file input-v4.cif (mmCIF, C-alpha atoms)
data_protein
#
loop_
_atom_site.label_atom_id
_atom_site.label_comp_id
_atom_site.auth_asym_id
_atom_site.auth_seq_id
_atom_site.Cartn_x
_atom_site.Cartn_y
_atom_site.Cartn_z
CA MET A 288 -15.81 -3.91 2.87
CA ASN A 289 -16.26 -0.18 2.21
CA GLY A 290 -13.09 1.31 0.79
CA ARG A 291 -11.96 4.71 1.88
CA ALA A 292 -9.03 6.88 0.95
CA VAL A 293 -7.43 9.17 3.48
CA LEU A 294 -5.91 12.27 1.95
CA VAL A 295 -3.22 13.68 4.21
CA ALA A 296 -1.90 16.99 2.98
CA GLY A 297 1.48 17.42 4.59
CA LEU A 298 2.25 20.94 3.41
CA LEU A 299 5.67 22.32 2.59
CA ALA A 300 6.34 24.96 -0.03
CA VAL A 301 9.53 25.70 -1.90
CA PRO A 302 10.41 29.14 -3.23
CA CYS A 303 11.60 29.94 -6.76
CA PHE A 304 8.86 27.85 -8.42
CA SER A 305 8.08 29.71 -11.62
CA GLY A 306 4.43 30.07 -12.63
CA ALA A 307 2.66 26.86 -13.68
CA GLN A 308 5.88 25.07 -14.57
CA ALA A 309 6.10 21.72 -12.80
CA ARG A 310 9.36 20.34 -11.46
CA THR A 311 11.10 18.20 -14.04
CA ALA A 312 13.67 16.38 -11.91
CA ALA A 313 12.43 12.84 -11.30
CA PRO A 314 12.40 11.82 -7.62
CA MET A 315 14.77 9.05 -6.55
CA ARG A 316 13.04 6.31 -4.54
CA VAL A 317 14.74 4.31 -1.81
CA THR A 318 12.71 1.34 -0.57
CA TRP A 319 13.16 -0.32 2.81
CA PRO A 320 10.95 -3.13 4.15
CA LEU A 321 8.84 -0.74 6.28
CA ILE A 322 9.27 2.65 4.62
CA ASP A 323 9.77 4.37 1.28
CA PHE A 324 11.90 7.47 0.87
CA LEU A 325 11.65 9.89 -2.02
CA VAL A 326 14.54 12.30 -2.55
CA LEU A 327 13.89 15.31 -4.78
CA GLY A 328 16.12 18.19 -5.68
CA ASP A 329 17.53 20.50 -8.33
CA SER A 330 19.49 23.73 -8.49
CA THR A 331 16.29 25.78 -8.42
CA HIS A 332 14.29 24.09 -5.67
CA GLY A 333 16.87 22.63 -3.33
CA LEU A 334 16.64 19.24 -1.56
CA GLN A 335 13.64 17.46 -0.03
CA LEU A 336 13.27 14.11 1.72
CA LEU A 337 9.79 12.55 1.70
CA ALA A 338 9.24 9.58 4.03
CA SER A 339 6.19 7.33 3.59
CA PRO A 340 5.76 4.31 5.90
CA THR A 341 4.26 1.16 4.43
CA LEU A 342 0.73 0.34 5.53
CA SER A 343 2.00 -2.74 7.38
CA SER A 344 4.37 -0.71 9.60
CA VAL A 345 3.43 0.68 13.00
CA GLN A 346 3.63 4.24 11.70
CA GLY A 347 1.54 3.44 8.63
CA ARG A 348 -1.00 1.24 10.42
CA LEU A 349 -1.64 3.23 13.60
CA ALA A 350 -0.50 6.79 12.97
CA ASN A 351 -0.48 7.24 9.20
CA GLN A 352 2.63 9.34 9.53
CA ALA A 353 4.36 10.83 6.52
CA LEU A 354 7.05 13.48 6.53
CA THR A 355 8.43 16.03 4.10
CA ILE A 356 11.70 17.61 5.17
CA THR A 357 13.55 20.33 3.25
CA LEU A 358 17.29 19.90 3.85
CA PRO A 359 20.31 22.17 3.27
CA PRO A 360 22.25 20.50 0.43
CA VAL A 361 25.80 21.32 1.60
CA SER A 362 25.19 20.20 5.19
CA THR A 363 23.42 17.10 3.90
CA ARG A 364 26.46 15.99 1.89
CA VAL A 365 28.78 16.47 4.87
CA TRP A 366 26.38 14.64 7.18
CA ALA A 367 25.82 11.74 4.76
CA ALA A 368 29.55 11.18 4.29
CA GLY A 369 30.22 11.21 8.03
CA VAL A 370 27.35 8.85 8.86
CA ALA A 371 28.31 6.45 6.05
CA ALA A 372 31.87 6.18 7.40
CA LEU A 373 30.56 5.59 10.92
CA VAL A 374 28.06 2.94 9.81
CA GLU A 375 30.70 1.16 7.74
CA SER A 376 33.09 0.96 10.69
CA ILE A 377 30.37 -0.31 13.05
CA ALA A 378 29.06 -2.88 10.55
CA LYS A 379 32.48 -4.51 10.32
CA LEU A 380 32.52 -5.28 14.03
CA PRO A 381 31.01 -8.42 15.59
CA PRO A 382 27.72 -7.57 17.34
CA ARG A 383 29.26 -8.10 20.78
CA ASP A 384 31.91 -5.46 20.09
CA ARG A 385 29.57 -2.75 18.88
CA THR A 386 29.12 0.33 21.04
CA TRP A 387 25.99 2.45 21.09
CA PHE A 388 26.18 5.71 19.19
CA ALA A 389 23.92 8.38 17.77
CA SER A 390 24.99 10.62 14.93
CA LEU A 391 24.59 14.36 14.96
CA ALA A 392 21.12 15.37 13.80
CA LEU A 393 20.74 16.71 10.27
CA LYS A 394 18.28 19.58 10.63
CA GLY A 395 15.69 20.66 8.10
CA ASN A 396 12.45 22.66 7.78
CA LEU A 397 14.16 25.77 9.14
CA GLY A 398 15.41 23.84 12.17
CA ARG A 399 12.05 22.32 13.06
CA ALA A 400 12.76 18.83 11.73
CA TRP A 401 15.71 16.49 11.86
CA LEU A 402 16.95 13.00 11.08
CA ARG A 403 19.76 10.99 12.62
CA VAL A 404 21.16 7.48 12.73
CA SER A 405 21.84 5.45 15.86
CA LEU A 406 22.82 1.94 16.89
CA ASN A 407 20.06 0.15 18.79
CA ALA A 408 21.06 -2.80 20.95
CA GLU A 409 17.47 -4.09 20.90
CA ARG A 410 17.40 -4.48 17.11
CA THR A 411 18.37 -7.67 15.30
CA PRO A 412 21.97 -8.26 14.14
CA GLU A 413 20.71 -7.91 10.54
CA THR A 414 19.09 -4.49 11.19
CA PRO A 415 21.02 -3.02 14.12
CA PHE A 416 20.55 0.64 13.22
CA ASP A 417 17.73 3.13 13.65
CA MET A 418 16.90 5.94 11.27
CA GLU A 419 15.15 8.47 13.50
CA LEU A 420 12.90 11.15 12.01
CA PHE A 421 11.24 14.12 13.67
CA ASP A 422 9.13 17.03 12.43
CA SER A 423 7.51 19.69 14.61
CA SER A 424 6.48 21.96 11.72
CA ARG A 425 3.17 20.47 10.63
CA GLY A 426 1.14 23.55 11.35
CA PRO A 427 -1.58 24.57 13.83
CA GLY A 428 -3.86 21.83 15.06
CA ALA A 429 -1.33 19.05 14.47
CA PRO A 430 -0.95 16.34 17.11
CA GLU A 431 2.17 16.71 19.21
CA ALA A 432 5.08 15.60 17.07
CA THR A 433 7.22 12.80 18.45
CA PRO A 434 10.29 11.18 16.89
CA TRP A 435 9.81 7.84 15.22
CA ALA A 436 12.44 5.30 14.31
CA VAL A 437 12.77 2.73 11.52
CA ALA A 438 15.06 -0.30 11.78
CA ALA A 439 17.75 -0.40 9.11
CA SER A 440 20.63 -2.53 7.93
CA ALA A 441 23.94 -1.06 6.86
CA THR A 442 22.91 -1.73 3.24
CA ASP A 443 19.62 0.15 3.77
CA LEU A 444 21.46 3.15 5.16
CA PHE A 445 24.11 3.20 2.45
CA GLY A 446 21.36 3.25 -0.17
CA LEU A 447 19.66 6.27 1.40
CA LEU A 448 22.88 8.13 2.22
CA THR A 449 24.21 7.65 -1.31
CA THR A 450 20.96 8.93 -2.79
CA LEU A 451 20.88 11.97 -0.52
CA ASP A 452 24.46 12.81 -1.49
CA ALA A 453 23.80 12.39 -5.21
CA VAL A 454 20.70 14.59 -5.21
CA ALA A 455 22.25 17.18 -2.88
CA GLU A 456 25.20 17.51 -5.25
CA ARG A 457 22.92 18.90 -7.98
CA SER A 458 20.79 20.92 -5.53
CA ALA A 459 23.15 23.79 -4.86
CA VAL A 460 20.45 26.29 -3.86
CA ASP A 461 19.71 26.16 -0.14
CA THR A 462 15.96 26.82 -0.10
CA THR A 463 15.78 26.73 3.70
CA ALA A 464 17.50 30.13 3.76
CA ALA A 465 15.26 31.73 1.14
CA THR A 466 12.48 34.19 1.95
CA GLY A 467 10.31 33.76 -1.12
CA ASP A 468 10.76 34.85 -4.73
CA SER A 469 9.12 37.38 -7.02
CA MET A 470 6.44 34.81 -7.94
CA GLY A 471 5.34 34.65 -4.28
CA ILE A 472 6.09 30.98 -3.54
CA TYR A 473 6.84 30.32 0.13
CA LEU A 474 7.78 27.66 2.63
CA THR A 475 4.94 26.81 4.99
CA GLU A 476 7.14 27.99 7.85
CA GLN A 477 7.25 31.40 6.18
CA LEU A 478 3.47 31.73 6.16
CA ASP A 479 1.18 33.08 8.86
CA ASN A 480 -1.41 30.48 7.82
CA PRO A 481 -0.60 27.43 5.66
CA PRO A 482 -3.12 26.18 3.07
CA GLN A 483 -5.91 24.09 4.55
CA ALA A 484 -8.11 21.66 2.66
CA THR A 485 -11.75 22.77 2.76
CA GLU A 486 -13.76 20.32 0.64
CA ASP A 487 -14.20 16.58 0.25
CA PRO A 488 -13.30 15.77 -3.38
CA HIS A 489 -15.09 12.38 -3.26
CA VAL A 490 -12.34 10.09 -4.49
CA LYS A 491 -13.66 6.71 -5.62
CA TYR A 492 -11.87 3.66 -4.27
CA PRO A 493 -10.77 1.61 -7.33
CA ASP A 494 -13.17 -1.30 -7.86
CA ALA A 495 -10.49 -3.88 -8.66
CA ALA A 496 -8.43 -2.86 -5.63
CA ARG A 497 -11.47 -3.20 -3.35
CA THR A 498 -12.40 -6.57 -4.85
CA HIS A 499 -8.91 -7.96 -4.33
CA GLY A 500 -8.41 -6.34 -0.91
CA ARG A 501 -5.59 -4.06 -2.02
CA GLU A 502 -4.63 -0.91 -0.13
CA GLY A 503 -2.13 1.65 -1.32
CA ARG A 504 -0.41 5.03 -1.16
CA VAL A 505 0.13 7.84 -3.63
CA TRP A 506 2.37 10.90 -3.26
CA LEU A 507 1.22 13.91 -5.25
CA GLU A 508 2.90 17.23 -5.93
CA TYR A 509 1.06 20.37 -7.02
CA VAL A 510 0.78 24.12 -6.50
CA VAL A 511 -2.14 25.65 -4.60
CA ASP A 512 -2.75 29.12 -6.04
CA THR A 513 -4.03 32.25 -4.32
CA SER A 514 -7.67 31.26 -4.90
CA GLY A 515 -7.20 27.87 -3.20
CA ALA A 516 -7.41 25.89 -6.45
CA ILE A 517 -4.71 23.54 -7.73
CA LEU A 518 -2.78 25.27 -10.48
CA ASP A 519 -3.09 23.64 -13.92
CA GLY A 520 0.05 21.94 -15.17
CA THR A 521 1.67 21.49 -11.76
CA VAL A 522 0.27 18.09 -10.75
CA ARG A 523 2.46 15.00 -10.87
CA VAL A 524 2.59 11.62 -9.16
CA LEU A 525 5.86 11.08 -7.31
CA MET A 526 5.18 7.59 -5.97
CA SER A 527 2.31 5.12 -6.27
CA ASP A 528 1.38 1.62 -5.14
CA GLY A 529 -0.68 1.14 -8.30
CA ASP A 530 -1.86 2.91 -11.44
CA ASP A 531 -5.49 2.53 -10.38
CA PHE A 532 -4.81 4.42 -7.14
CA SER A 533 -3.00 7.14 -9.09
CA GLN A 534 -5.85 7.48 -11.57
CA ALA A 535 -8.45 7.70 -8.80
CA ILE A 536 -6.79 10.63 -7.08
CA LEU A 537 -5.85 12.39 -10.34
CA GLU A 538 -9.50 12.36 -11.39
CA ALA A 539 -10.37 14.07 -8.10
CA VAL A 540 -7.66 16.74 -8.26
CA PRO A 541 -9.84 19.37 -10.04
CA ARG A 542 -12.34 19.11 -7.18
CA ILE A 543 -9.82 19.62 -4.35
CA ARG A 544 -10.07 23.05 -2.79
CA TYR A 545 -8.02 24.82 -0.14
CA ALA A 546 -8.14 27.94 1.89
CA PRO A 547 -4.94 29.41 0.42
CA GLY A 548 -1.84 30.00 2.45
CA ARG A 549 -1.40 33.54 3.72
CA ARG A 550 1.62 35.67 4.43
CA ARG A 551 1.17 39.05 6.12
CA GLY A 552 -2.54 38.79 5.38
CA ALA A 553 -2.17 38.19 1.63
CA ALA A 554 -2.91 34.90 -0.15
CA VAL A 555 0.18 33.30 -1.70
CA ARG A 556 0.99 30.32 -3.91
CA THR A 557 2.18 27.14 -2.19
CA LEU A 558 3.92 24.04 -3.50
CA VAL A 559 2.32 21.06 -1.78
CA TRP A 560 3.39 17.45 -1.38
CA THR A 561 0.36 15.34 -0.48
CA PRO A 562 0.52 11.72 0.72
CA VAL A 563 -2.74 9.93 -0.07
CA THR A 564 -3.61 6.65 1.67
CA PHE A 565 -6.27 4.26 0.31
CA ARG A 566 -7.59 2.03 3.09
CA LEU A 567 -10.27 -0.64 3.16
CA ASP A 568 -10.60 -0.23 6.93
CA PRO A 569 -9.82 3.38 7.88
CA GLY A 570 -10.72 2.63 11.49
CA VAL A 571 -7.23 1.23 12.06
CA VAL A 572 -5.80 4.73 11.73
CA ARG A 573 -5.84 6.02 15.31
CA LYS A 574 -4.14 9.36 14.71
CA ARG A 575 -3.74 11.41 11.57
CA LEU A 576 -1.68 14.34 10.47
CA PRO A 577 -3.38 17.73 10.04
CA PHE A 578 -5.15 18.77 6.84
CA VAL A 579 -7.12 15.54 6.55
CA ILE A 580 -9.86 14.91 3.99
CA ARG A 581 -11.91 11.76 4.55
CA ILE A 582 -12.91 10.24 1.23
CA PRO A 583 -15.79 7.72 0.94
#

call {"tool": "encode", "arguments": {"input": "input-v4.cif", "output": "structure tokens"}}
result
Amino acid sequence: MNGRAVLVAGLLAVPCFSGAQARTAAPMRVTWPLIDFLVLGDSTHGLQLLASPTLSSVQGRLANQALTITLPPVSTRVWAAGVAALVESIAKLPPRDRTWFASLALKGNLGRAWLRVSLNAERTPETPFDMELFDSSRGPGAPEATPWAVAASATDLFGLLTTLDAVAERSAVDTTAATGDSMGIYLTEQLDNPPQATEDPHVKYPDAARTHGREGRVWLEYVVDTSGAILDGTVRVLMSDGDDFSQAILEAVPRIRYAPGRRRGAAVRTLVWTPVTFRLDPGVVRKRLPFVIRIP
């Protein structure tokens, strides 16, 4: 088998990122059977939810979807508390007595993305809820965005809601309302043209992983500067399915190049979260997000 990594640069920038200083707050990871969530936030950068489907899920196997949603911290805390109370009351009822509901949507990405929780009568009694996610802000050339749903138990939801609340509590700055800082760091939605990957960095599929038939994901964070290069000192791995996958992409980082993001015609710095997928059979990915680099 010929291994291949698929680098999917889902771009979203956060203002108030000072120079080459990387974020220091460690992401909190919430793992469900079919999806991993990363929740990041601090008083400087605000709150982000990163969603990465496992490679065995429908989203991971057929669509390779991954989302990054910037959320307003105050609204997130209110929403999480309300949904947790609703889920708790529903979970106590016998399945036959449960009534369909859908929570209010928690909006992010300047109103272009949202998440909500609903009760789905077609799910199993053990996972009766849906976590629905939607993002229409992936930039020009993206396939039409459609909501996707992940089955969840009450325990799954409580874990995510508790984490969102805890991180939002320390993320007092609402970055979704910001317009950029003196360092020129912007949300993708604030740009006329978001950064676009321009070169194949030739990431090598780890030999041991190929030999043993292992596939994996890595989430990277870094800053793309005004020249299109990745800024030294800003790269970090947020999530990985193996150290060998992490090492393979980190070795390629200096070779990754972008056409920089532009605002009002001028190149600007952009904070990027990049989900990287290592696949032994990339042909199973029918659709991909924008900003794709195919890696042999």

call {"tool": "residues_around", "arguments": {"input": "input-v4.cif", "residues": "Leu420 (chain A)", "least_positions_apart": "5", "cutoff": "10 Å", "atoms": "only C-alpha atoms", "output": "number ranges by chain"}}
result
A: 338, 354, 356, 392-393, 400-404, 433-437

call {"tool": "resolve_selection", "arguments": {"input": "input-v4.cif", "expression": "the PyMOL selection byres ((chain A and resi 508) around 7)", "output": "ChimeraX atom specification"}}
result
/A:506-507,509,522-525,559-561

call {"tool": "atom_distance", "arguments": {"input": "input-v4.cif", "atom1": "CA of Ala368 (chain A)", "atom2": "CA of Leu334 (chain A)"}}
result
16.3 Å

call {"tool": "residues_around", "arguments": {"input": "input-v4.cif", "residues": "region 530-546 of chain A", "least_positions_apart": "3", "cutoff": "8 Å", "atoms": "only C-alpha atoms", "output": "MDAnalysis selection string"}}
result
chainID A and resid 482:493 496 503:505 511 514:517 524 527 565

call {"tool": "atom_distance", "arguments": {"input": "input-v4.cif", "atom1": "CA of Ala441 (chain A)", "atom2": "CA of Val361 (chain A)"}}
result
23.1 Å

call {"tool": "residues_around", "arguments": {"input": "input-v4.cif", "residues": "Thr411 (chain A)", "least_positions_apart": "6", "cutoff": "10 Å", "atoms": "all atoms listed in the file", "output": "PyMOL selection string"}}
result
chain A and resi 382+438-440

call {"tool": "atom_distance", "arguments": {"input": "input-v4.cif", "atom1": "CA of Val317 (chain A)", "atom2": "CA of Asp528 (chain A)"}}
result
14.0 Å

call {"tool": "closest_residue", "arguments": {"input": "input-v4.cif", "among": "A:Thr557, A:Gln477, A:Thr513, A:Thr450", "to": "Thr363 (chain A)", "atoms": "only C-alpha atoms"}}
result
A:Thr450

call {"tool": "closest_residue", "arguments": {"input": "input-v4.cif", "among": "A:Ala367, A:Pro360, A:Glu409, A:Asp443", "to": "Leu321 (chain A)", "atoms": "only C-alpha atoms"}}
result
A:Asp443

call {"tool": "resolve_selection", "arguments": {"input": "input-v4.cif", "expression": "the PyMOL selection byres ((chain A and resi 447) around 9)", "output": "list in words"}}
result
Arg316, Val317, Thr318, Phe324, Val326, Ala367, Thr442, Asp443, Leu444, Phe445, Gly446, Leu448, Thr449, Thr450, Leu451 and Asp452 of chain A

call {"tool": "resolve_selection", "arguments": {"input": "input-v4.cif", "expression": "the PyMOL selection byres ((chain A and resi 339) around 8)", "output": "list in words"}}
result
Ile322, Asp323, Phe324, Leu337, Ala338, Pro340, Thr341, Gly347, Gln352, Ala353, Leu354 and Pro562 of chain A

call {"tool": "axis_aligned_box", "arguments": {"input": "input-v4.cif", "around": "region 336-339 of chain A", "padding_each_side": "4 Å", "output": "AutoDock Vina command-line options"}}
result
--center_x 9.7 --center_y 10.7 --center_z 2.9 --size_x 15.1 --size_y 14.8 --size_z 10.3

call {"tool": "closest_residue", "arguments": {"input": "input-v4.cif", "among": "A:Asp417, A:Asp512, A:Asp494, A:Asp422", "to": "Leu336 (chain A)", "atoms": "all atoms listed in the file"}}
result
A:Asp422

call {"tool": "closest_residue", "arguments": {"input": "input-v4.cif", "among": "A:Gly398, A:Pro412, A:Glu456, A:Pro320", "to": "Lys379 (chain A)", "atoms": "only C-alpha atoms"}}
result
A:Pro412

call {"tool": "closest_residue", "arguments": {"input": "input-v4.cif", "among": "A:Asp384, A:Asp479, A:Glu419, A:Glu413", "to": "Arg551 (chain A)", "atoms": "only C-alpha atoms"}}
result
A:Asp479

call {"tool": "closest_residue", "arguments": {"input": "input-v4.cif", "among": "A:Val365, A:Val555, A:Val563, A:Leu397", "to": "Pro481 (chain A)", "atoms": "only C-alpha atoms"}}
result
A:Val555
